[in-house]
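Here's the structure, in structure tokens; my notes come after.
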Amino acid sequence: MTQTEENLERQLEEIEALSSIYENCLTIESNTRYSLVISEGSLEVILEVSVPPDYPSSSPPTYQLSAPFLRGAMRHQLSGQLEQIFLENMGECVVFQWAEEIRTFLQTNTKDSFEKQTEDLCEDLEESLTLEKVEKIEDCPEIVTGDTLEDRKSVFQGHVAQVKSVEEVK
């Protein structure tokens, strides 16, 4: 059996195992793309996975985390943990371990901690925008706003300003 055939067999076994463990939480798009919904309390993370042909023997799967409440340092921390799992288990299937790591992460970080993080971020952003606006208001060039355009449930609106320096851009 070639390495490619062995990888494919192991990928299919992993999908079969995930299907039996996570029944209704797994959506399979193809043998190489699937997503897994991981819920803990009122928190939910969608782990979207794509596996290259040389996974698991030599390459990791690529993943995307879909979790609006997960931002900044906490998202970075979770991503680091997932990458560490792959490094510690090179040559092995890791998606189940990733799913369980995400579940553990959600259990140890309550909804309150995610909401607090979001509130802090919003306050910091609001404060910095307010300070910047107050400091730069007199240097602001005239901004001309166009009409709104609607196309397939999307709304667009253009804004233009003539600037002569980088400071005016800022």
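Identifiers for the structure tokens are assigned positionally: chains receive A, B, ... in sequence, residues are indexed from 1 per chain, and ligands are indexed from 1 in the order shown.
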
Report task. Give the strand (DSSP E or B) residues of chain A, as assigned by DSSP on the backbone, as a VMD selection string. Result -> chain A and resid 26 to 30 33 to 40 43 to 50 62 to 66 143 to 151 154 to 161

Store the residues of this selection in a file with N, CA and C atoms, as a tab-separated table (two decimals), in the first residue's frame.
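The result, written out as again17.tsv:
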chain	number	residue	atom	x	y	z
A	26	LEU	N	-21.58	16.57	13.21
A	26	LEU	CA	-20.60	16.49	12.13
A	26	LEU	C	-21.29	16.68	10.79
A	27	THR	N	-20.76	17.59	9.98
A	27	THR	CA	-21.25	17.79	8.62
A	27	THR	C	-20.11	17.47	7.67
A	28	ILE	N	-20.32	16.50	6.82
A	28	ILE	CA	-19.27	16.07	5.89
A	28	ILE	C	-19.58	16.63	4.51
A	29	GLU	N	-18.66	17.48	4.01
A	29	GLU	CA	-18.81	18.04	2.67
A	29	GLU	C	-18.19	17.09	1.65
A	30	SER	N	-17.05	16.50	2.01
A	30	SER	CA	-16.36	15.54	1.15
A	30	SER	C	-15.41	14.75	2.04
A	33	ARG	N	-13.12	17.52	3.43
A	33	ARG	CA	-13.65	18.73	4.08
A	33	ARG	C	-14.86	18.36	4.93
A	34	TYR	N	-14.81	18.76	6.19
A	34	TYR	CA	-15.94	18.55	7.08
A	34	TYR	C	-15.89	19.56	8.21
A	35	SER	N	-17.02	19.68	8.90
A	35	SER	CA	-17.07	20.61	10.03
A	35	SER	C	-17.72	19.91	11.21
A	36	LEU	N	-17.35	20.38	12.37
A	36	LEU	CA	-17.80	19.78	13.62
A	36	LEU	C	-18.25	20.89	14.55
A	37	VAL	N	-19.47	20.78	15.06
A	37	VAL	CA	-20.01	21.76	16.00
A	37	VAL	C	-19.74	21.25	17.41
A	38	ILE	N	-19.02	22.06	18.18
A	38	ILE	CA	-18.68	21.70	19.56
A	38	ILE	C	-19.38	22.68	20.48
A	39	SER	N	-20.27	22.15	21.31
A	39	SER	CA	-21.07	23.00	22.20
A	39	SER	C	-20.76	22.67	23.64
A	40	GLU	N	-20.77	23.70	24.44
A	40	GLU	CA	-20.61	23.55	25.88
A	40	GLU	C	-21.44	24.64	26.52
A	43	LEU	N	-22.26	28.13	24.78
A	43	LEU	CA	-21.17	28.47	23.85
A	43	LEU	C	-21.05	27.41	22.77
A	44	GLU	N	-20.73	27.86	21.55
A	44	GLU	CA	-20.62	26.93	20.43
A	44	GLU	C	-19.47	27.36	19.53
A	45	VAL	N	-18.66	26.39	19.15
A	45	VAL	CA	-17.56	26.63	18.22
A	45	VAL	C	-17.74	25.67	17.05
A	46	ILE	N	-17.58	26.19	15.85
A	46	ILE	CA	-17.60	25.33	14.67
A	46	ILE	C	-16.16	25.18	14.20
A	47	LEU	N	-15.70	23.95	14.16
A	47	LEU	CA	-14.35	23.61	13.71
A	47	LEU	C	-14.48	23.10	12.28
A	48	GLU	N	-14.01	23.90	11.31
A	48	GLU	CA	-14.04	23.50	9.91
A	48	GLU	C	-12.66	22.95	9.57
A	49	VAL	N	-12.63	21.75	9.01
A	49	VAL	CA	-11.39	21.04	8.76
A	49	VAL	C	-11.25	20.69	7.29
A	50	SER	N	-10.05	20.90	6.76
A	50	SER	CA	-9.69	20.45	5.41
A	50	SER	C	-8.41	19.64	5.55
A	62	THR	N	-5.76	21.67	7.81
A	62	THR	CA	-5.97	23.10	8.02
A	62	THR	C	-7.34	23.23	8.69
A	63	TYR	N	-7.49	24.26	9.50
A	63	TYR	CA	-8.75	24.42	10.22
A	63	TYR	C	-9.11	25.88	10.30
A	64	GLN	N	-10.39	26.08	10.55
A	64	GLN	CA	-10.90	27.42	10.81
A	64	GLN	C	-11.87	27.31	11.96
A	65	LEU	N	-11.74	28.22	12.90
A	65	LEU	CA	-12.64	28.26	14.04
A	65	LEU	C	-13.70	29.33	13.80
A	66	SER	N	-14.94	28.96	13.93
A	66	SER	CA	-16.02	29.92	13.80
A	66	SER	C	-16.67	30.06	15.18
A	143	ILE	N	-15.60	65.24	3.85
A	143	ILE	CA	-15.93	63.91	3.37
A	143	ILE	C	-17.28	63.99	2.65
A	144	VAL	N	-17.30	63.52	1.40
A	144	VAL	CA	-18.52	63.52	0.61
A	144	VAL	C	-19.06	62.09	0.60
A	145	THR	N	-20.33	61.95	0.92
A	145	THR	CA	-20.96	60.63	0.99
A	145	THR	C	-21.95	60.48	-0.15
A	146	GLY	N	-21.85	59.36	-0.85
A	146	GLY	CA	-22.74	59.09	-1.98
A	146	GLY	C	-24.02	58.41	-1.54
A	147	ASP	N	-24.89	58.19	-2.52
A	147	ASP	CA	-26.15	57.49	-2.25
A	147	ASP	C	-25.87	56.02	-1.97
A	148	THR	N	-26.83	55.37	-1.33
A	148	THR	CA	-26.67	53.94	-1.08
A	148	THR	C	-27.11	53.16	-2.31
A	149	LEU	N	-26.43	52.03	-2.52
A	149	LEU	CA	-26.77	51.11	-3.61
A	149	LEU	C	-27.11	49.77	-2.98
A	150	GLU	N	-28.17	49.14	-3.50
A	150	GLU	CA	-28.53	47.83	-2.99
A	150	GLU	C	-28.39	46.81	-4.10
A	151	ASP	N	-27.73	45.68	-3.76
A	151	ASP	CA	-27.54	44.60	-4.72
A	151	ASP	C	-27.60	43.27	-3.97
A	154	SER	N	-27.43	43.24	-0.21
A	154	SER	CA	-26.28	43.95	0.35
A	154	SER	C	-26.45	45.43	0.06
A	155	VAL	N	-26.01	46.26	0.98
A	155	VAL	CA	-26.12	47.71	0.83
A	155	VAL	C	-24.72	48.29	0.82
A	156	PHE	N	-24.45	49.17	-0.16
A	156	PHE	CA	-23.14	49.78	-0.32
A	156	PHE	C	-23.29	51.30	-0.32
A	157	GLN	N	-22.29	51.98	0.23
A	157	GLN	CA	-22.31	53.43	0.21
A	157	GLN	C	-20.87	53.91	0.12
A	158	GLY	N	-20.60	54.79	-0.82
A	158	GLY	CA	-19.25	55.30	-1.02
A	158	GLY	C	-19.01	56.60	-0.25
A	159	HIS	N	-17.76	56.79	0.16
A	159	HIS	CA	-17.34	58.00	0.85
A	159	HIS	C	-16.02	58.43	0.23
A	160	VAL	N	-15.85	59.72	-0.07
A	160	VAL	CA	-14.59	60.20	-0.62
A	160	VAL	C	-14.18	61.49	0.08
A	161	ALA	N	-12.87	61.70	0.08
A	161	ALA	CA	-12.33	62.93	0.63
A	161	ALA	C	-11.02	63.22	-0.09

Kindly assemble as JSON lines a list of the stretch 27-133 of chain A residues that lie within 10 Å of stretch 10-21 of chain A, each paired with its nearest atom pair and their distance in Å to one decimal, using only C-alpha atoms, sorted first by chain and then by ascending residue number.
{"residue": "A:Thr27", "atom": "CA", "partner": "A:Ser19", "partner_atom": "CA", "distance": 8.8}
{"residue": "A:Ile28", "atom": "CA", "partner": "A:Ile15", "partner_atom": "CA", "distance": 8.4}
{"residue": "A:Asn31", "atom": "CA", "partner": "A:Leu12", "partner_atom": "CA", "distance": 6.9}
{"residue": "A:Thr32", "atom": "CA", "partner": "A:Gln11", "partner_atom": "CA", "distance": 8.0}
{"residue": "A:Arg33", "atom": "CA", "partner": "A:Ile15", "partner_atom": "CA", "distance": 9.9}
{"residue": "A:Tyr34", "atom": "CA", "partner": "A:Ile15", "partner_atom": "CA", "distance": 8.6}
{"residue": "A:Leu36", "atom": "CA", "partner": "A:Leu18", "partner_atom": "CA", "distance": 8.8}
{"residue": "A:Val51", "atom": "CA", "partner": "A:Gln11", "partner_atom": "CA", "distance": 8.1}
{"residue": "A:Pro52", "atom": "CA", "partner": "A:Gln11", "partner_atom": "CA", "distance": 9.8}
{"residue": "A:Pro53", "atom": "CA", "partner": "A:Gln11", "partner_atom": "CA", "distance": 9.1}
{"residue": "A:Asp54", "atom": "CA", "partner": "A:Gln11", "partner_atom": "CA", "distance": 9.9}
{"residue": "A:Tyr55", "atom": "CA", "partner": "A:Gln11", "partner_atom": "CA", "distance": 7.5}
{"residue": "A:Pro56", "atom": "CA", "partner": "A:Gln11", "partner_atom": "CA", "distance": 7.5}
{"residue": "A:Ser57", "atom": "CA", "partner": "A:Arg10", "partner_atom": "CA", "distance": 9.4}
{"residue": "A:Glu92", "atom": "CA", "partner": "A:Arg10", "partner_atom": "CA", "distance": 8.9}
{"residue": "A:Cys93", "atom": "CA", "partner": "A:Glu14", "partner_atom": "CA", "distance": 6.9}
{"residue": "A:Val94", "atom": "CA", "partner": "A:Glu14", "partner_atom": "CA", "distance": 8.8}
{"residue": "A:Val95", "atom": "CA", "partner": "A:Glu14", "partner_atom": "CA", "distance": 7.9}
{"residue": "A:Phe96", "atom": "CA", "partner": "A:Leu18", "partner_atom": "CA", "distance": 6.9}
{"residue": "A:Ala99", "atom": "CA", "partner": "A:Leu18", "partner_atom": "CA", "distance": 9.7}
